[in-house]
file data30.cif (mmCIF, C-alpha atoms)
data_coords
loop_
_atom_site.label_atom_id
_atom_site.label_comp_id
_atom_site.auth_asym_id
_atom_site.auth_seq_id
_atom_site.Cartn_x
_atom_site.Cartn_y
_atom_site.Cartn_z
CA MET A 1 62.55 137.88 91.14
CA LYS A 2 65.55 138.03 88.77
CA LYS A 3 67.86 138.75 91.72
CA LEU A 4 66.54 135.71 93.54
CA LEU A 5 67.10 133.50 90.50
CA ALA A 6 70.66 134.81 90.21
CA VAL A 7 71.42 134.02 93.87
CA ILE A 8 70.09 130.44 93.84
CA PRO A 9 72.93 129.00 91.67
CA ILE A 10 75.52 130.64 93.93
CA ILE A 11 73.90 129.13 97.03
CA LEU A 12 73.80 125.71 95.38
CA ILE A 13 77.49 125.91 94.45
CA LEU A 14 78.50 126.97 97.96
CA THR A 15 76.46 124.25 99.66
CA SER A 16 77.71 121.52 97.32
CA CYS A 17 81.31 122.47 98.13
CA ALA A 18 80.57 122.10 101.83
CA LEU A 19 79.16 118.60 101.22
CA SER A 20 82.46 117.21 99.96
CA PRO A 21 84.51 115.39 102.60
CA ALA A 22 88.02 116.42 103.49
CA GLU A 23 90.77 114.38 101.86
CA ILE A 24 91.96 111.38 103.92
CA GLN A 25 94.90 112.42 106.12
CA LYS A 26 97.91 110.30 105.28
CA ASN A 27 100.24 112.07 107.72
CA PHE A 28 99.23 111.59 111.34
CA LYS A 29 100.10 110.35 114.82
CA ALA A 30 97.50 108.23 116.58
CA GLU A 31 96.82 105.58 119.16
CA VAL A 32 95.29 102.50 117.55
CA PHE A 33 92.94 100.18 119.41
CA CYS A 34 92.37 97.00 117.46
CA ASP A 35 90.29 93.87 117.81
CA TYR A 36 91.86 91.34 115.46
CA ASN A 37 90.47 87.80 115.57
CA GLY A 38 89.59 88.23 119.23
CA VAL A 39 93.00 89.65 120.23
CA ASN A 40 93.03 93.22 121.56
CA ILE A 41 96.02 95.18 120.33
CA GLU A 42 96.98 98.71 121.34
CA ALA A 43 99.72 100.61 119.54
CA ASP A 44 101.11 104.07 118.87
CA THR A 45 101.37 104.85 115.17
CA GLU A 46 103.01 107.54 113.11
CA CYS A 47 102.36 107.77 109.40
CA GLN A 48 104.47 110.27 107.43
CA ASN A 49 105.43 110.46 103.74
CA HIS A 50 104.85 106.80 102.80
CA SER A 51 106.41 105.50 106.00
CA LEU A 52 104.65 103.95 108.97
CA LYS A 53 105.96 103.35 112.47
CA ILE A 54 104.00 101.09 114.83
CA GLU A 55 104.98 100.63 118.48
CA ILE A 56 102.99 97.89 120.23
CA LYS A 57 101.77 98.73 123.76
CA SER A 58 99.66 95.62 124.36
CA PRO A 59 99.14 92.65 124.58
CA GLU A 60 101.99 92.02 126.99
CA ASN A 61 103.68 89.36 124.81
CA LEU A 62 104.08 91.91 121.95
CA LYS A 63 104.74 95.01 124.06
CA GLY A 64 107.86 96.88 122.96
CA TYR A 65 107.98 95.63 119.38
CA ILE A 66 108.47 98.45 116.88
CA TYR A 67 107.65 97.96 113.21
CA ASP A 68 109.11 100.67 110.97
CA TYR A 69 108.00 100.62 107.32
CA LYS A 70 109.80 102.80 104.78
CA ASN A 71 108.78 102.24 101.18
CA SER A 72 108.72 98.44 100.87
CA LYS A 73 111.37 97.86 103.55
CA LEU A 74 110.59 96.84 107.11
CA SER A 75 112.66 97.19 110.24
CA VAL A 76 111.52 95.19 113.28
CA LYS A 77 112.99 96.27 116.61
CA TYR A 78 112.72 94.76 120.07
CA LYS A 79 114.93 96.08 122.87
CA GLU A 80 118.50 95.88 121.48
CA LEU A 81 117.61 93.57 118.60
CA GLU A 82 116.87 94.85 115.10
CA LEU A 83 116.04 93.06 111.85
CA ASP A 84 115.83 94.74 108.44
CA CYS A 85 113.85 92.92 105.75
CA ASP A 86 111.21 93.26 103.03
CA THR A 87 107.55 93.60 104.06
CA GLU A 88 106.94 90.07 102.75
CA TYR A 89 109.02 88.72 105.65
CA LEU A 90 105.90 88.88 107.83
CA PRO A 91 102.65 87.18 106.78
CA LYS A 92 100.19 89.40 104.87
CA ASN A 93 97.71 89.04 107.72
CA ALA A 94 100.16 90.12 110.49
CA PHE A 95 98.72 93.10 112.40
CA SER A 96 101.45 95.51 111.31
CA ASN A 97 101.25 94.44 107.66
CA VAL A 98 97.46 94.82 107.63
CA LEU A 99 97.81 98.43 108.81
CA TYR A 100 100.68 99.09 106.39
CA TYR A 101 98.90 97.63 103.37
CA THR A 102 95.67 99.47 104.15
CA LEU A 103 97.27 102.86 104.73
CA ASN A 104 99.63 102.41 101.78
CA SER A 105 96.69 101.76 99.45
CA LEU A 106 95.12 105.17 100.17
CA ASP A 107 97.17 106.78 97.40
CA LYS A 108 95.93 104.32 94.83
CA GLU A 109 92.80 104.30 92.70
CA SER A 110 91.54 101.27 94.63
CA THR A 111 90.10 103.53 97.38
CA SER A 112 86.93 105.51 96.75
CA PHE A 113 84.50 107.67 98.68
CA CYS A 114 81.16 105.90 99.06
CA GLY A 115 79.11 108.26 101.22
CA GLU A 116 78.45 109.37 104.76
CA TYR A 117 78.04 106.95 107.67
CA LYS A 118 77.26 108.13 111.23
CA ASP A 119 78.64 111.64 110.58
CA LYS A 120 81.83 110.20 109.06
CA ALA A 121 83.06 110.05 105.49
CA ARG A 122 83.17 106.40 104.44
CA TYR A 123 85.66 105.00 101.94
CA LYS A 124 85.98 101.52 100.53
CA GLY A 125 89.05 99.98 99.01
CA LYS A 126 91.17 96.94 98.44
CA CYS A 127 94.68 96.05 99.54
CA GLU A 128 96.83 92.94 99.98
CA ALA A 129 95.04 92.18 103.28
CA GLY A 130 91.55 92.31 101.72
CA ASN A 131 88.64 94.65 101.04
CA PHE A 132 88.45 97.39 103.66
CA THR A 133 86.19 100.16 104.88
CA ILE A 134 87.63 103.36 106.34
CA ASP A 135 85.66 105.99 108.24
CA CYS A 136 87.18 109.47 108.51
CA ASP A 137 86.22 112.71 110.16
CA TYR A 138 84.19 114.47 107.47
CA ASN A 139 85.83 117.87 108.05
CA THR A 140 89.45 117.00 108.88
CA GLY A 141 90.00 113.71 107.01
CA TYR A 142 91.56 112.00 110.05
CA ILE A 143 90.93 108.26 110.11
CA SER A 144 88.66 107.09 112.92
CA ASN A 145 88.06 103.42 111.97
CA ILE A 146 89.32 100.71 109.65
CA GLU A 147 87.52 97.41 109.13
CA ILE A 148 88.42 94.35 107.06
CA LYS A 149 85.59 91.88 107.56
CA SER A 150 87.22 88.95 105.77
CA ILE A 151 89.96 88.72 108.42
CA ASP A 152 87.91 90.00 111.39
CA PHE A 153 90.01 93.18 111.71
CA LYS A 154 88.60 96.30 113.40
CA ALA A 155 90.76 99.24 114.40
CA SER A 156 89.83 102.59 115.88
CA PHE A 157 92.17 105.58 115.89
CA LYS A 158 92.59 108.31 118.49
CA ASN A 159 94.61 111.09 116.89
CA LYS A 160 97.27 112.85 118.93
#

call {"tool": "encode", "arguments": {"input": "data30.cif", "output": "structure tokens"}}
result
Amino acid sequence: MKKLLAVIPIILILTSCALSPAEIQKNFKAEVFCDYNGVNIEADTECQNHSLKIEIKSPENLKGYIYDYKNSKLSVKYKELELDCDTEYLPKNAFSNVLYYTLNSLDKESTSFCGEYKDKARYKGKCEAGNFTIDCDYNTGYISNIEIKSIDFKASFKNK
């Protein structure tokens, strides 16, 4: 009986460690499929060391635009044209800024784990674009969905 009582705390410690979600991955490459105010947007993204690169694949009128965020600087490229500016150059609710602000806020205290939802780790937070919800793979931490209800923004990620 004493052996059993000694083993129970060890089992509880091991199982509680397994219940913690993996940390949100902030370095990734993914395809993003977004429904933003009724507009379907598809883009390739690469997020590395506080920089974010977004290459729009659709809709057709935005195809080929590349938004490259490094720190608080933004470079917008289209074919041979390139414009360097601050992130405030685009409206806060522009698709690329919404992604940038949301992903950039993951290092701040404004994002917190709030439980499990459909086998995903769910986080809630706040950024310049509004209050958001992020669902991540519970074991790897890769982002699967971002939603900002106040601006009708829903994005799903397919990691590469």

call {"tool": "residues_around", "arguments": {"input": "data30.cif", "residues": "Glu82 (chain A)", "least_positions_apart": "3", "cutoff": "12 Å", "atoms": "all atoms listed in the file", "output": "list of chain:residue names"}}
result
A:Tyr65, A:Ile66, A:Tyr67, A:Asp68, A:Leu74, A:Ser75, A:Val76, A:Lys77, A:Tyr78, A:Lys79, A:Cys85

call {"tool": "resolve_selection", "arguments": {"input": "data30.cif", "expression": "the PyMOL selection byres ((chain A and resi 103-113) around 10)", "output": "ChimeraX atom specification"}}
result
/A:20-21,23-26,47,50-52,71-72,97-102,114-116,121-128,131-135,143,146

call {"tool": "atom_distance", "arguments": {"input": "data30.cif", "atom1": "CA of Lys92 (chain A)", "atom2": "CA of Gly38 (chain A)"}}
result
17.9 Å

call {"tool": "closest_residue", "arguments": {"input": "data30.cif", "among": "A:Tyr117, A:Phe95, A:Tyr36, A:Phe157", "to": "Ile56 (chain A)", "atoms": "all atoms listed in the file"}}
result
A:Phe95

call {"tool": "residues_near_point", "arguments": {"input": "data30.cif", "point": "(96.0, 104.9, 119.4)", "cutoff": "6 Å", "atoms": "only C-alpha atoms", "output": "number ranges by chain"}}
result
A: 30-33, 43-44, 157-158

call {"tool": "closest_residue", "arguments": {"input": "data30.cif", "among": "A:Ser96, A:Asn49, A:Asn40, A:Asn27", "to": "Asn159 (chain A)", "atoms": "all atoms listed in the file"}}
result
A:Asn27

call {"tool": "closest_residue", "arguments": {"input": "data30.cif", "among": "A:Leu81, A:Ala129, A:Ile148, A:Leu62", "to": "Ala94 (chain A)", "atoms": "only C-alpha atoms"}}
result
A:Ala129

call {"tool": "closest_residue", "arguments": {"input": "data30.cif", "among": "A:Ala155, A:Ala22, A:Leu90, A:Ile54", "to": "Cys34 (chain A)", "atoms": "only C-alpha atoms"}}
result
A:Ala155

call {"tool": "axis_aligned_box", "arguments": {"input": "data30.cif", "around": "region 59-66 of chain A", "padding_each_side": "3 Å", "output": "AutoDock Vina command-line options"}}
result
--center_x 103.8 --center_y 93.9 --center_z 121.9 --size_x 15.3 --size_y 15.1 --size_z 16.1

call {"tool": "atom_distance", "arguments": {"input": "data30.cif", "atom1": "CA of Val39 (chain A)", "atom2": "CA of Pro59 (chain A)"}}
result
8.1 Å

call {"tool": "atom_distance", "arguments": {"input": "data30.cif", "atom1": "CA of Glu42 (chain A)", "atom2": "CA of Ser58 (chain A)"}}
result
5.1 Å
